[in-house]
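Next comes entry_9.txt, a file with compact mmCIF, C-alpha atoms (C1' of nucleotides).
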```
# COMPACT_ATOMS: atom_id res chain seq x y z
CA MET A 1 98.90 108.41 76.68
CA GLY A 2 100.64 110.49 79.34
CA LEU A 3 97.89 111.87 81.50
CA THR A 4 97.10 110.48 84.91
CA ARG A 5 93.83 108.58 84.87
CA SER A 6 92.46 110.10 88.06
CA GLU A 7 88.92 109.00 87.29
CA ILE A 8 89.70 105.42 88.26
CA PHE A 9 90.88 106.33 91.75
CA THR A 10 89.04 107.46 94.85
CA ASP A 11 88.73 111.13 95.78
CA GLU A 12 90.93 110.52 98.78
CA GLN A 13 93.69 108.95 96.74
CA ASN A 14 93.58 111.84 94.29
CA GLN A 15 93.51 114.45 97.02
CA LEU A 16 96.49 113.01 98.83
CA SER A 17 98.50 112.66 95.64
CA THR A 18 97.71 116.23 94.65
CA LEU A 19 98.86 117.62 97.98
CA LEU A 20 101.99 115.49 97.97
CA LYS A 21 102.84 116.46 94.41
CA ALA A 22 102.65 120.11 95.39
CA ILE A 23 105.25 119.54 98.11
CA ALA A 24 107.38 117.04 96.23
CA HIS A 25 109.93 119.49 94.88
CA PRO A 26 113.08 120.62 96.69
CA ALA A 27 112.47 124.27 95.82
CA ARG A 28 108.97 124.15 97.25
CA ILE A 29 110.19 122.35 100.35
CA ALA A 30 112.82 125.04 100.79
CA ILE A 31 110.20 127.74 100.31
CA LEU A 32 107.92 126.17 102.89
CA GLN A 33 110.74 125.81 105.39
CA ARG A 34 111.61 129.44 104.85
CA ILE A 35 108.00 130.55 105.32
CA ILE A 36 107.70 128.49 108.49
CA ILE A 37 110.90 129.86 110.00
CA SER A 38 110.25 133.50 109.29
CA ASN A 39 106.49 133.14 109.59
CA SER A 40 105.99 135.47 106.65
CA CYS A 41 107.98 135.63 103.53
CA ILE A 42 108.62 137.85 100.62
CA CYS A 43 109.39 136.47 97.19
CA GLY A 44 112.42 138.72 96.78
CA ASP A 45 114.14 137.22 99.79
CA LEU A 46 113.77 133.78 98.30
CA VAL A 47 115.34 134.84 95.03
CA ASP A 48 118.42 135.90 96.97
CA GLU A 49 118.51 132.82 99.19
CA LEU A 50 117.66 130.04 96.77
CA GLY A 51 119.56 130.18 93.53
CA LEU A 52 116.51 130.33 91.26
CA ALA A 53 115.22 133.06 88.99
CA GLN A 54 112.43 135.32 90.20
CA ALA A 55 109.99 133.96 87.63
CA THR A 56 110.67 130.41 88.74
CA ILE A 57 110.07 131.14 92.39
CA SER A 58 106.92 133.06 91.62
CA GLN A 59 105.71 130.02 89.74
CA HIS A 60 106.47 127.67 92.63
CA LEU A 61 104.65 130.03 94.99
CA LYS A 62 101.68 129.97 92.67
CA GLU A 63 101.59 126.18 92.71
CA LEU A 64 101.73 126.11 96.48
CA LYS A 65 98.93 128.65 96.58
CA THR A 66 96.78 126.86 94.01
CA SER A 67 97.01 123.63 95.96
CA GLY A 68 95.94 125.52 99.08
CA ILE A 69 99.10 124.88 101.06
CA ILE A 70 100.00 128.53 101.38
CA GLN A 71 97.98 131.72 101.23
CA GLY A 72 99.11 135.23 100.46
CA THR A 73 98.00 138.77 100.94
CA ILE A 74 99.25 141.88 99.25
CA GLU A 75 101.26 144.08 101.57
CA GLY A 76 101.94 147.30 99.82
CA VAL A 77 104.54 146.71 97.19
CA SER A 78 105.39 143.18 98.23
CA VAL A 79 103.35 140.10 99.07
CA CYS A 80 103.13 138.20 102.33
CA TYR A 81 102.84 134.46 101.93
CA CYS A 82 102.19 132.13 104.83
CA ILE A 83 101.09 128.59 105.57
CA ASN A 84 97.38 127.85 105.24
CA PRO A 85 96.71 126.24 108.63
CA LYS A 86 93.66 124.32 107.45
CA THR A 87 95.39 122.60 104.55
CA TRP A 88 98.49 122.00 106.61
CA SER A 89 96.59 120.18 109.34
CA LEU A 90 94.47 118.34 106.79
CA LEU A 91 97.65 117.08 105.16
CA GLY A 92 98.98 116.02 108.53
CA GLU A 93 95.83 114.06 109.27
CA ILE A 94 95.54 112.31 105.92
CA LEU A 95 99.22 111.54 105.81
CA GLY A 96 99.37 110.40 109.41
CA GLU A 97 96.51 108.03 108.79
CA PHE A 98 98.15 106.69 105.66
CA LEU A 99 101.57 106.22 107.21
CA SER A 100 100.28 104.66 110.41
CA SER A 101 98.06 102.21 108.54
CA TYR A 102 101.20 100.15 108.08
CA LYS A 103 102.14 98.44 111.30
CA GLY A 104 105.46 96.64 111.38
CA ALA A 105 104.19 93.64 109.43
CA THR A 106 104.48 89.93 109.68
CA ASP A 107 107.54 89.65 107.48
CA CYS A 108 106.88 88.08 104.12
CA CYS A 109 109.78 89.40 101.98
CA MET B 1 115.88 123.92 80.81
CA GLY B 2 113.25 121.70 82.42
CA LEU B 3 115.34 119.72 84.86
CA THR B 4 115.18 120.21 88.60
CA ARG B 5 118.30 121.95 89.85
CA SER B 6 118.86 119.64 92.79
CA GLU B 7 122.45 120.77 93.25
CA ILE B 8 121.33 124.01 94.84
CA PHE B 9 119.31 122.33 97.58
CA THR B 10 120.32 120.41 100.67
CA ASP B 11 120.50 116.62 100.72
CA GLU B 12 117.57 116.55 103.10
CA GLN B 13 115.39 118.66 100.86
CA ASN B 14 116.24 116.46 97.89
CA GLN B 15 115.68 113.26 99.83
CA LEU B 16 112.29 114.30 101.09
CA SER B 17 111.15 115.50 97.70
CA THR B 18 112.30 112.25 96.08
CA LEU B 19 110.36 110.13 98.56
CA LEU B 20 107.28 112.30 98.27
CA LYS B 21 107.41 112.26 94.50
CA ALA B 22 107.46 108.48 94.56
CA ILE B 23 104.24 108.44 96.57
CA ALA B 24 102.57 111.40 94.87
CA HIS B 25 100.54 109.44 92.35
CA PRO B 26 97.08 108.00 92.94
CA ALA B 27 98.00 104.65 91.41
CA ARG B 28 101.01 104.31 93.67
CA ILE B 29 98.97 105.33 96.70
CA ALA B 30 96.41 102.70 95.77
CA ILE B 31 99.15 100.11 95.34
CA LEU B 32 100.65 100.94 98.72
CA GLN B 33 97.25 100.76 100.42
CA ARG B 34 96.69 97.39 98.82
CA ILE B 35 100.08 96.09 99.91
CA ILE B 36 99.50 97.30 103.45
CA ILE B 37 96.06 95.71 103.70
CA SER B 38 96.97 92.33 102.32
CA ASN B 39 100.51 92.46 103.69
CA SER B 40 101.85 90.86 100.53
CA CYS B 41 100.74 91.53 97.06
CA ILE B 42 100.92 90.12 93.61
CA CYS B 43 101.02 92.31 90.54
CA GLY B 44 98.28 90.36 88.81
CA ASP B 45 95.78 91.16 91.55
CA LEU B 46 96.42 94.86 91.08
CA VAL B 47 95.79 94.65 87.35
CA ASP B 48 92.36 93.25 88.13
CA GLU B 49 91.60 95.70 90.93
CA LEU B 50 92.93 98.96 89.55
CA GLY B 51 91.95 99.68 85.99
CA LEU B 52 95.48 99.99 84.63
CA ALA B 53 97.40 97.85 82.20
CA GLN B 54 99.86 95.30 83.50
CA ALA B 55 102.82 97.18 82.04
CA THR B 56 101.76 100.38 83.76
CA ILE B 57 101.43 98.74 87.15
CA SER B 58 104.73 96.97 86.78
CA GLN B 59 106.28 100.36 86.06
CA HIS B 60 104.74 101.95 89.15
CA LEU B 61 105.95 99.03 91.25
CA LYS B 62 109.43 99.56 89.85
CA GLU B 63 109.36 103.22 90.84
CA LEU B 64 108.26 102.38 94.35
CA LYS B 65 111.02 99.81 94.54
CA THR B 66 113.70 102.09 93.13
CA SER B 67 112.87 104.75 95.69
CA GLY B 68 113.16 102.13 98.41
CA ILE B 69 109.57 102.37 99.61
CA ILE B 70 108.75 98.78 98.80
CA GLN B 71 110.84 95.66 98.41
CA GLY B 72 110.08 92.48 96.55
CA THR B 73 111.17 88.89 96.48
CA ILE B 74 110.50 86.34 93.81
CA GLU B 75 108.03 83.70 94.93
CA GLY B 76 107.93 81.02 92.34
CA VAL B 77 106.09 82.30 89.34
CA SER B 78 104.88 85.50 90.93
CA VAL B 79 106.49 88.22 93.00
CA CYS B 80 105.79 89.28 96.55
CA TYR B 81 106.07 92.99 97.15
CA CYS B 82 105.88 94.52 100.58
CA ILE B 83 106.63 97.73 102.42
CA ASN B 84 110.26 98.42 103.25
CA PRO B 85 109.99 99.11 106.97
CA LYS B 86 113.19 101.15 107.12
CA THR B 87 112.20 103.59 104.40
CA TRP B 88 108.65 103.77 105.67
CA SER B 89 109.72 104.80 109.15
CA LEU B 90 112.36 107.14 107.76
CA LEU B 91 109.68 108.87 105.73
CA GLY B 92 107.49 109.09 108.80
CA GLU B 93 110.28 110.72 110.77
CA ILE B 94 111.36 113.24 108.15
CA LEU B 95 107.82 114.12 107.28
CA GLY B 96 106.70 114.34 110.88
CA GLU B 97 109.53 116.71 111.64
CA PHE B 98 108.72 118.83 108.61
CA LEU B 99 104.99 119.01 109.29
CA SER B 100 105.37 119.69 112.99
CA SER B 101 107.90 122.46 112.42
CA TYR B 102 104.92 124.66 111.67
CA LYS B 103 103.13 125.57 114.86
CA GLY B 104 99.84 127.38 114.49
CA ALA B 105 101.47 130.72 113.73
CA THR B 106 101.02 134.27 114.82
CA ASP B 107 98.65 135.18 112.03
CA CYS B 108 100.10 137.50 109.45
CA CYS B 109 97.92 136.85 106.38
C1' DC C 1 111.89 70.75 76.01
C1' DT C 2 107.44 72.68 75.14
C1' DT C 3 103.40 75.16 76.98
C1' DG C 4 100.99 78.19 79.96
C1' DT C 5 101.17 81.82 83.30
C1' DA C 6 103.13 85.87 85.59
C1' DT C 7 106.00 89.78 85.62
C1' DA C 8 109.52 92.89 83.35
C1' DT C 9 111.29 95.60 79.67
C1' DT C 10 111.15 98.21 75.40
C1' DG C 11 109.50 101.67 72.38
C1' DC C 12 106.62 105.18 71.63
C1' DA C 13 102.99 108.91 71.92
C1' DA C 14 100.69 112.26 74.79
C1' DT C 15 100.94 115.27 78.43
C1' DA C 16 103.13 117.59 82.51
C1' DT C 17 106.83 119.87 84.86
C1' DT C 18 110.76 122.83 85.40
C1' DA C 19 113.26 126.84 84.40
C1' DC C 20 114.08 131.36 82.66
C1' DG C 21 114.15 135.69 79.72
C1' DA C 22 111.12 139.11 78.47
C1' DT C 23 107.40 141.64 79.51
C1' DA C 24 103.33 143.19 82.11
C1' DT C 25 101.28 144.92 86.24
C1' DA C 26 100.96 147.29 90.60
C1' DT C 27 102.31 150.33 94.18
C1' DA C 28 105.21 153.86 96.75
C1' DG C 29 107.86 157.77 96.59
C1' DT C 30 109.14 161.86 94.24
C1' DA D 1 102.76 161.96 85.76
C1' DC D 2 107.39 159.62 86.22
C1' DT D 3 110.59 156.45 88.28
C1' DA D 4 112.10 152.72 90.98
C1' DT D 5 110.96 148.43 93.05
C1' DA D 6 108.46 144.05 93.62
C1' DT D 7 105.78 140.38 91.92
C1' DA D 8 103.07 138.04 88.16
C1' DT D 9 102.38 136.31 83.64
C1' DC D 10 103.67 134.87 78.93
C1' DG D 11 106.22 132.29 75.75
C1' DT D 12 109.27 128.84 74.98
C1' DA D 13 112.85 125.15 75.37
C1' DA D 14 114.36 121.13 77.77
C1' DT D 15 113.29 117.28 80.35
C1' DA D 16 110.20 114.11 83.03
C1' DT D 17 106.10 111.42 83.69
C1' DT D 18 102.25 108.58 82.41
C1' DG D 19 100.20 104.90 79.93
C1' DC D 20 100.00 101.08 76.89
C1' DA D 21 100.86 97.56 73.11
C1' DA D 22 104.21 94.50 71.93
C1' DT D 23 107.70 91.73 73.24
C1' DA D 24 110.97 89.48 76.35
C1' DT D 25 112.01 86.84 80.34
C1' DA D 26 111.40 83.47 84.07
C1' DC D 27 109.48 79.68 86.13
C1' DA D 28 106.24 75.53 86.93
C1' DA D 29 103.83 71.81 85.12
C1' DG D 30 103.38 68.41 81.99
```

In structure tokens, how does this file's structure come out?
Amino acid sequence: MGLTRSEIFTDEQNQLSTLLKAIAHPARIAILQRIIISNSCICGDLVDELGLAQATISQHLKELKTSGIIQGTIEGVSVCYCINPKTWSLLGEILGEFLSSYKGATDCC
Amino acid sequence: MGLTRSEIFTDEQNQLSTLLKAIAHPARIAILQRIIISNSCICGDLVDELGLAQATISQHLKELKTSGIIQGTIEGVSVCYCINPKTWSLLGEILGEFLSSYKGATDCC
DNA sequence: CTTGTATATTGCAATATTACGATATATAGT
DNA sequence: ACTATATATCGTAATATTGCAATATACAAG
């Protein structure tokens, strides 16, 4: 088929995979790093800094916003995007739990 | 176009996005959880437990293996897959650094 | 060496993602 | 109202991902 069969997985598994998928792109990682460093970001800056077209960056920003990882407010002629603290900490919790559920292991392989 | 322009990003950004992409699928999250719980896993079990075809699960296992997140050894007629501790802790480090680089923020939005 | 069982690979169809040019929209300044 | 600037959306092409049936491969048991 080609579409992910999310109905056979738990809500938690789907939620984590959705959040991770939103971050799992180098451009979006770069955008997030840039937002975090400057603690406010304008799309135009990114177009100059990353080597991607304006339309492409706008699209990546939209994806990050749709998934709730960033939020943005209109600031006159430009837009101010920043991290959504709630989603960010939620991701940290879920991911931390997931990663730490594996403990060193009695070697089998 | 349609292909990610990884050449314009740093190695670190590409590495993190590659690892995240490997995990960013509910089936692969479910597989990892299962491997962690049982600390050894056989593909056949997964076919029974998740509702996916054997070919599909084998493919997901291959992706997890290619990205270095799991490793597998042949055990007679079946295969034992388990977490690759090195990659797992690497992911934890990179991700922890990334997530913690954002600190609460002087609110702008 | 044949049979049964377990996993991998191949081939293919459906859908999703990535990227960008062109265009639309919105606001500030004149 | 008109212009310049900034961001969003649309349309489209290229590529990637997801899922599965069919088939191949590998091994153990007989």

- If you count all atoms listed in the file, which residues fall within 6 Å of segment 3-19 of chain A, apart from same-chain ones fewer than 4 positions away, as a ChimeraX atom specification? /B:24-26 /C:15 /D:18

- For the point (102.6, 141.7, 92.1) in file coordinates, what residues are within 9 Å, counting only C-alpha atoms (C1' of nucleotides)? Give the answer as an MDAnalysis selection string? (chainID A and resid 74 77:79) or (chainID C and resid 25:27) or (chainID D and resid 6:8)

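For the choices B:Cys43, B:Ile37, B:Leu61, B:Ile70, the atom-to-atom distance to chain C is smallest for B:Cys43 when using all atoms listed in the file.
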
- Item | Test item: chain B residues at most 8 Å from chain A, counting only C-alpha atoms, as a PyMOL selection string | chain B and resi 6+8-9+13-14+16-21+23-27+29-30+33+36+39-40+50-51+71-73+80-82+85+88+92+98-99+101-102+104-106+108-109

- Give me, please, the distance in Å between atom C1' of DT25 of chain D and atom CA of Leu46 of chain B, quoted to one decimal. 20.6 Å

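Proximity of B:Ser67, B:Ile31, B:Ile57, B:Glu49 to chain C, computed with only C-alpha atoms (C1' of nucleotides), is greatest for B:Ile57.
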
- Item | Residue among C:DA14, C:DA22, C:DA28, C:DA6 lying closest to chain B, counting all atoms listed in the file | C:DA6

- Interatomic distance, atom CA of Glu97 of chain B to atom CA of Asp45 of chain A (Å, one decimal): 24.1 Å

- Do you know which residues lie at most 12 Å from (112.3, 82.1, 77.7), with coordinates as in the file and all atoms listed in the file counted, and could you write them as a PyMOL selection string? (chain C and resi 1-3) or (chain D and resi 23-27)

- Query: Which one of A:Thr66, A:Thr87, A:Gln59, A:Gln54 sits closest to DT18 of chain C if you count only C-alpha atoms (C1' of nucleotides)?
  - Reply: A:Gln59

Provide an axis-aligned box for all listed atoms of segment 12-21 of chain C, padding each side by 4 Å; report its centre and its edge lengths in Å to one decimal, as lines of an AutoDock Vina configuration file.
```
center_x = 107.4
center_y = 120.4
center_z = 78.5
size_x = 21.5
size_y = 38.5
size_z = 21.8
```
